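K.L.:
To start, I am sharing the structure in question, which I have written as structure tokens.
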Amino acid sequence: MTGVLPTSDRKATYVRDLFARIAPRYDLLNHVLSLGIDVLWRRRAARALDLGGATAVLDVCCGTGDLALELSAHVPAAARLVGVDFCAPMLARAATKPGAGRVGWVQGDGLALPFPAAAFDRVSVAFGVRNLADLDAGLAELARVLKPGGRLCILEFARPRFPPFRAAYYAYFLHVLPFIGRIVSGESDPYRYLPESVLAFPERDELSARLVRAGFRDCAWTDLTFGIATLTSATKV
């Protein structure tokens, strides 16, 4: 497979353009390619955020809004709920979904979030930190907008750790997934970029260490579905 990962100075533009192209079929492909498991992962992330006492909740890199809308079913009625993404076509799709009026949709960059410091007591990111042009700067920005003691949850694809399953998963991830994505969407780059970006993303312990450097404590991760995704939680210092 020919590499499609852009250099860091081009990544933001590449990712924005890539998701703009696939926005109309993004949800369908997510559900088909994950066999619907992504719905359960988002539900797990919403529970992990412990939203019962939340007053202000931010979903970063919200895309077409599936996690933000899941969060809306769990947050207190008086809580502020915001979804932010830098890709306008993805936000446009989010705003058309049932329940979208409960969420404030904002266009903004995950590396320079358009919110004051300590504005939220819960922050989530689903399948987004992997796409940031500068991971460490992005983690620091998540810490900036969280109140001290606030909770962060990151849902992200991962590399399975059990060798026999990992081999089978890689065969699907590197070959079958790009083929299906190309047939359904008519695009090849997004579904070549996805596996390459996952393979280049830090492993579980390294991500936790980088969260600590960014200003978090009590970092913990949980594998989901045999380790093909990971839910990482942390608390702002």
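Note on naming: chains are A, B, ... as they come in the structure tokens, residues start from 1 per chain, ligands start from 1 in the order shown.
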Counting only C-alpha atoms, what is within 8 Å of region 23-35 of chain A, bar same-chain residues fewer than 3 positions away, as a list in words?
P.N.:
Phe19, Ala20, Asp38, Val39, Thr64, Pro89, Met90, Arg93, Leu177, Ile180, Gly181, Val184 and Ser185 of chain A
K.L.:
Would you put the residues from that selection into a file with N, CA and C atoms, as a compact mmCIF listing (two decimals), in the first residue's frame?
P.N.:
# COMPACT_ATOMS: atom_id res chain seq x y z
N PHE A 19 -12.13 14.88 4.71
CA PHE A 19 -13.42 14.66 5.35
C PHE A 19 -14.53 15.45 4.67
N ALA A 20 -14.20 16.57 4.08
CA ALA A 20 -15.21 17.31 3.32
C ALA A 20 -15.72 16.47 2.15
N ASP A 38 -19.36 0.78 16.26
CA ASP A 38 -19.01 2.15 16.64
C ASP A 38 -20.10 2.81 17.48
N VAL A 39 -21.35 2.41 17.30
CA VAL A 39 -22.46 2.95 18.10
C VAL A 39 -22.27 2.57 19.57
N THR A 64 -19.64 14.46 12.19
CA THR A 64 -21.08 14.52 11.89
C THR A 64 -21.93 14.40 13.15
N PRO A 89 -18.54 20.86 6.01
CA PRO A 89 -19.52 19.88 5.53
C PRO A 89 -19.88 18.82 6.57
N MET A 90 -18.94 18.45 7.42
CA MET A 90 -19.25 17.49 8.48
C MET A 90 -20.22 18.11 9.48
N ARG A 93 -23.75 18.23 8.19
CA ARG A 93 -24.45 16.94 8.35
C ARG A 93 -24.93 16.78 9.78
N LEU A 177 -10.91 -3.20 4.21
CA LEU A 177 -11.54 -1.91 4.52
C LEU A 177 -11.32 -0.89 3.39
N ILE A 180 -13.65 -1.83 0.42
CA ILE A 180 -15.07 -1.52 0.65
C ILE A 180 -15.28 -0.01 0.62
N GLY A 181 -14.40 0.73 1.29
CA GLY A 181 -14.52 2.18 1.31
C GLY A 181 -14.51 2.78 -0.08
N VAL A 184 -17.94 1.91 -1.90
CA VAL A 184 -19.11 2.62 -1.38
C VAL A 184 -19.00 4.12 -1.60
N SER A 185 -17.81 4.69 -1.35
CA SER A 185 -17.67 6.14 -1.38
C SER A 185 -17.14 6.68 -2.69
K.L.:
Within 7 Å of Ile228 (chain A), counting only C-alpha atoms, which residues qualify if same-chain residues fewer than 2 places away don't, as a list of chain:residue names?
P.N.:
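After dropping sequence-adjacent residues, the list is A:Phe157, A:Ala158, A:Arg159, A:Pro160, A:Leu224, A:Thr225, A:Phe226, A:Thr230.
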K.L.:
If we count only C-alpha atoms and set the cut-off at 9 Å, which residues sit around Glu156 (chain A), ignoring sequence neighbours fewer than 2 positions away in its own chain? Please answer as a ChimeraX atom specification.
P.N.:
/A:125-130,154,158,198,228-232
K.L.:
Could you turn the residues from that selection into a file that holds N, CA and C atoms, as a PDB file, in the first residue's frame?
P.N.:
ATOM      1  N   VAL A 125     -13.360  13.350  22.831  1.00  0.00           N
ATOM      2  CA  VAL A 125     -12.879  13.311  21.446  1.00  0.00           C
ATOM      3  C   VAL A 125     -13.049  11.884  20.949  1.00  0.00           C
ATOM      4  N   ALA A 126     -13.743  11.713  19.839  1.00  0.00           N
ATOM      5  CA  ALA A 126     -13.909  10.369  19.263  1.00  0.00           C
ATOM      6  C   ALA A 126     -13.269  10.335  17.882  1.00  0.00           C
ATOM      7  N   PHE A 127     -12.235   9.540  17.740  1.00  0.00           N
ATOM      8  CA  PHE A 127     -11.566   9.321  16.452  1.00  0.00           C
ATOM      9  C   PHE A 127     -11.076  10.642  15.852  1.00  0.00           C
ATOM     10  N   GLY A 128     -10.583  11.537  16.718  1.00  0.00           N
ATOM     11  CA  GLY A 128     -10.149  12.840  16.239  1.00  0.00           C
ATOM     12  C   GLY A 128      -8.720  13.205  16.568  1.00  0.00           C
ATOM     13  N   VAL A 129      -8.233  12.810  17.744  1.00  0.00           N
ATOM     14  CA  VAL A 129      -6.872  13.238  18.104  1.00  0.00           C
ATOM     15  C   VAL A 129      -5.830  12.666  17.130  1.00  0.00           C
ATOM     16  N   ARG A 130      -6.127  11.533  16.555  1.00  0.00           N
ATOM     17  CA  ARG A 130      -5.219  10.917  15.584  1.00  0.00           C
ATOM     18  C   ARG A 130      -5.035  11.799  14.347  1.00  0.00           C
ATOM     19  N   ILE A 154     -11.079  10.062  25.561  1.00  0.00           N
ATOM     20  CA  ILE A 154     -10.650   9.956  24.166  1.00  0.00           C
ATOM     21  C   ILE A 154     -10.984   8.553  23.670  1.00  0.00           C
ATOM     22  N   ALA A 158      -7.175   1.544  17.734  1.00  0.00           N
ATOM     23  CA  ALA A 158      -5.926   1.064  18.318  1.00  0.00           C
ATOM     24  C   ALA A 158      -5.473  -0.190  17.576  1.00  0.00           C
ATOM     25  N   VAL A 198      -3.755   5.060  11.940  1.00  0.00           N
ATOM     26  CA  VAL A 198      -3.865   4.257  13.164  1.00  0.00           C
ATOM     27  C   VAL A 198      -2.528   3.596  13.483  1.00  0.00           C
ATOM     28  N   ILE A 228      -9.463  -3.279  19.201  1.00  0.00           N
ATOM     29  CA  ILE A 228      -9.431  -2.517  17.944  1.00  0.00           C
ATOM     30  C   ILE A 228      -9.764  -1.039  18.182  1.00  0.00           C
ATOM     31  N   ALA A 229     -10.264  -0.751  19.374  1.00  0.00           N
ATOM     32  CA  ALA A 229     -10.437   0.633  19.803  1.00  0.00           C
ATOM     33  C   ALA A 229     -10.073   0.716  21.282  1.00  0.00           C
ATOM     34  N   THR A 230      -9.755   1.906  21.722  1.00  0.00           N
ATOM     35  CA  THR A 230      -9.367   2.131  23.115  1.00  0.00           C
ATOM     36  C   THR A 230     -10.050   3.379  23.633  1.00  0.00           C
ATOM     37  N   LEU A 231     -10.548   3.287  24.866  1.00  0.00           N
ATOM     38  CA  LEU A 231     -11.139   4.418  25.548  1.00  0.00           C
ATOM     39  C   LEU A 231     -10.182   4.871  26.644  1.00  0.00           C
ATOM     40  N   THR A 232      -9.633   6.062  26.491  1.00  0.00           N
ATOM     41  CA  THR A 232      -8.670   6.614  27.435  1.00  0.00           C
ATOM     42  C   THR A 232      -9.323   7.749  28.209  1.00  0.00           C
TER      43      THR A 232
END
K.L.:
Extract the full set of helix (DSSP H, G or I) residues from region 107-200 of chain A according to DSSP on the backbone, and format it as a ChimeraX atom specification.
P.N.:
/A:129-131,135-145,163-185,189-200
K.L.:
Could you tell me how far CA of Trp105 (chain A) lies from CA of Ser72 (chain A), in Å and to one decimal?
P.N.:
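CA of Ser72 (chain A) lies at a distance of 12.7 Å from CA of Trp105 (chain A).
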K.L.:
Please build the interface table for region 136-220 of chain A against region 45-49 of chain A with a cut-off of 9 Å, listing for each qualifying residue the nearest atom pair and the distance in Å to one decimal; count only C-alpha atoms, order rows by chain and increasing number, and write it as JSON lines.
P.N.:
{"residue": "A:Arg151", "atom": "CA", "partner": "A:Leu49", "partner_atom": "CA", "distance": 6.6}
{"residue": "A:Leu152", "atom": "CA", "partner": "A:Leu49", "partner_atom": "CA", "distance": 7.0}
{"residue": "A:Cys153", "atom": "CA", "partner": "A:Leu49", "partner_atom": "CA", "distance": 6.3}
{"residue": "A:Ile154", "atom": "CA", "partner": "A:Ala45", "partner_atom": "CA", "distance": 7.8}
{"residue": "A:Leu155", "atom": "CA", "partner": "A:Ala45", "partner_atom": "CA", "distance": 6.8}
K.L.:
Keeping only C-alpha atoms, write the selected residues as a tab-separated table (two decimals), in the first residue's frame.
P.N.:
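Listing of selection-v3.tsv after writing:
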chain	number	residue	atom	x	y	z
A	151	ARG	CA	-12.70	14.84	32.95
A	152	LEU	CA	-11.44	13.97	29.47
A	153	CYS	CA	-12.34	10.87	27.44
A	154	ILE	CA	-10.65	9.96	24.17
A	155	LEU	CA	-12.13	7.22	21.98
K.L.:
For CA of Arg80 (chain A) and CA of Gly149 (chain A), determine how far apart the two atoms are, in Å to one decimal place.
P.N.:
17.8 Å
K.L.:
Can you tell me which residues surround Gly108 (chain A) at a distance of at most 6 Å, considering only C-alpha atoms, apart from same-chain residues fewer than 6 positions away, and format the answer as a PyMOL selection string?
P.N.:
chain A and resi 84-86
K.L.:
Figure out the distance between CA of Pro195 (chain A) and CA of Pro163 (chain A), please, to one decimal in Å.
P.N.:
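These atoms are spaced 17.4 Å apart.
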K.L.:
Which one of A:Val176, A:Leu207, A:Leu146, A:Val60 sits closest to Arg192 (chain A) if you count only C-alpha atoms?
P.N.:
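With only C-alpha atoms as the atom set, the closest residue is A:Val176.
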K.L.:
Hey, which of A:Phe216, A:Leu142, A:Glu187, A:Leu199 ends up closest to Tyr170 (chain A)? Count only C-alpha atoms.
P.N.:
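Between A:Phe216, A:Leu142, A:Glu187, A:Leu199, the residue approaching Tyr170 (chain A) most closely is A:Leu199.
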K.L.:
Please identify all polymer residues within 12 Å of Pro148 (chain A), counting only C-alpha atoms, omitting same-chain residues fewer than 2 positions from it, and present them as a list in words.
P.N.:
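After dropping sequence-adjacent residues, the list is Ala117, Ala118, Ala119, Phe120, Asp121, Arg122, Leu142, Ala143, Arg144, Val145, Leu146, Gly150, Arg151, Leu152, Gly215, Phe216, Arg217, Ala234, Thr235, Lys236 and Val237 of chain A.
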K.L.:
Give me a file of those residues, with C-alpha atoms, as a PDB file, in the first residue's frame.
P.N.:
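Result file selection_35.pdb:
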ATOM      1  CA  ALA A 117      -9.632  28.616  29.448  1.00  0.00           C
ATOM      2  CA  ALA A 118     -11.432  26.348  31.935  1.00  0.00           C
ATOM      3  CA  ALA A 119     -14.759  26.730  30.093  1.00  0.00           C
ATOM      4  CA  PHE A 120     -15.837  23.059  30.348  1.00  0.00           C
ATOM      5  CA  ASP A 121     -15.933  20.375  33.008  1.00  0.00           C
ATOM      6  CA  ARG A 122     -16.143  17.486  30.519  1.00  0.00           C
ATOM      7  CA  LEU A 142      -7.851  20.039  25.550  1.00  0.00           C
ATOM      8  CA  ALA A 143      -6.304  20.650  28.971  1.00  0.00           C
ATOM      9  CA  ARG A 144      -6.580  24.423  28.520  1.00  0.00           C
ATOM     10  CA  VAL A 145     -10.363  24.430  28.014  1.00  0.00           C
ATOM     11  CA  LEU A 146     -11.008  21.983  30.881  1.00  0.00           C
ATOM     12  CA  GLY A 150     -12.476  18.159  34.777  1.00  0.00           C
ATOM     13  CA  ARG A 151     -12.696  14.836  32.950  1.00  0.00           C
ATOM     14  CA  LEU A 152     -11.440  13.970  29.467  1.00  0.00           C
ATOM     15  CA  GLY A 215      -1.474  18.571  32.211  1.00  0.00           C
ATOM     16  CA  PHE A 216      -3.540  15.521  33.082  1.00  0.00           C
ATOM     17  CA  ARG A 217      -3.435  12.934  35.873  1.00  0.00           C
ATOM     18  CA  ALA A 234      -7.875  11.379  32.351  1.00  0.00           C
ATOM     19  CA  THR A 235      -8.453  14.208  34.828  1.00  0.00           C
ATOM     20  CA  LYS A 236      -7.215  17.781  34.414  1.00  0.00           C
ATOM     21  CA  VAL A 237      -4.652  18.645  37.093  1.00  0.00           C
TER      22      VAL A 237
END
K.L.:
Can you list, as a list in words, every protein, DNA or RNA residue that comes within 12 Å of Glu206 (chain A) when you count only C-alpha atoms, leaving out same-chain residues fewer than 4 positions away?
P.N.:
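So the residues in contact are Leu135, Asp136, Phe201, Pro202, Arg210, Leu211, Val212, Arg213, Cys219, Ala220, Trp221 and Thr232 of chain A.
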K.L.:
Could those residues be written to a file, using C-alpha atoms, as a compact mmCIF listing (two decimals), in the first residue's frame?
P.N.:
# COMPACT_ATOMS: atom_id res chain seq x y z
CA LEU A 135 -0.83 15.75 18.87
CA ASP A 136 0.94 17.28 21.86
CA PHE A 201 -0.60 6.71 16.29
CA PRO A 202 1.02 6.29 19.74
CA ARG A 210 1.74 12.45 26.68
CA LEU A 211 -1.51 13.29 28.44
CA VAL A 212 0.43 13.61 31.71
CA ARG A 213 2.87 15.99 30.04
CA CYS A 219 -4.77 8.45 33.01
CA ALA A 220 -6.30 5.04 32.33
CA TRP A 221 -7.28 3.16 29.22
CA THR A 232 -8.67 6.61 27.44
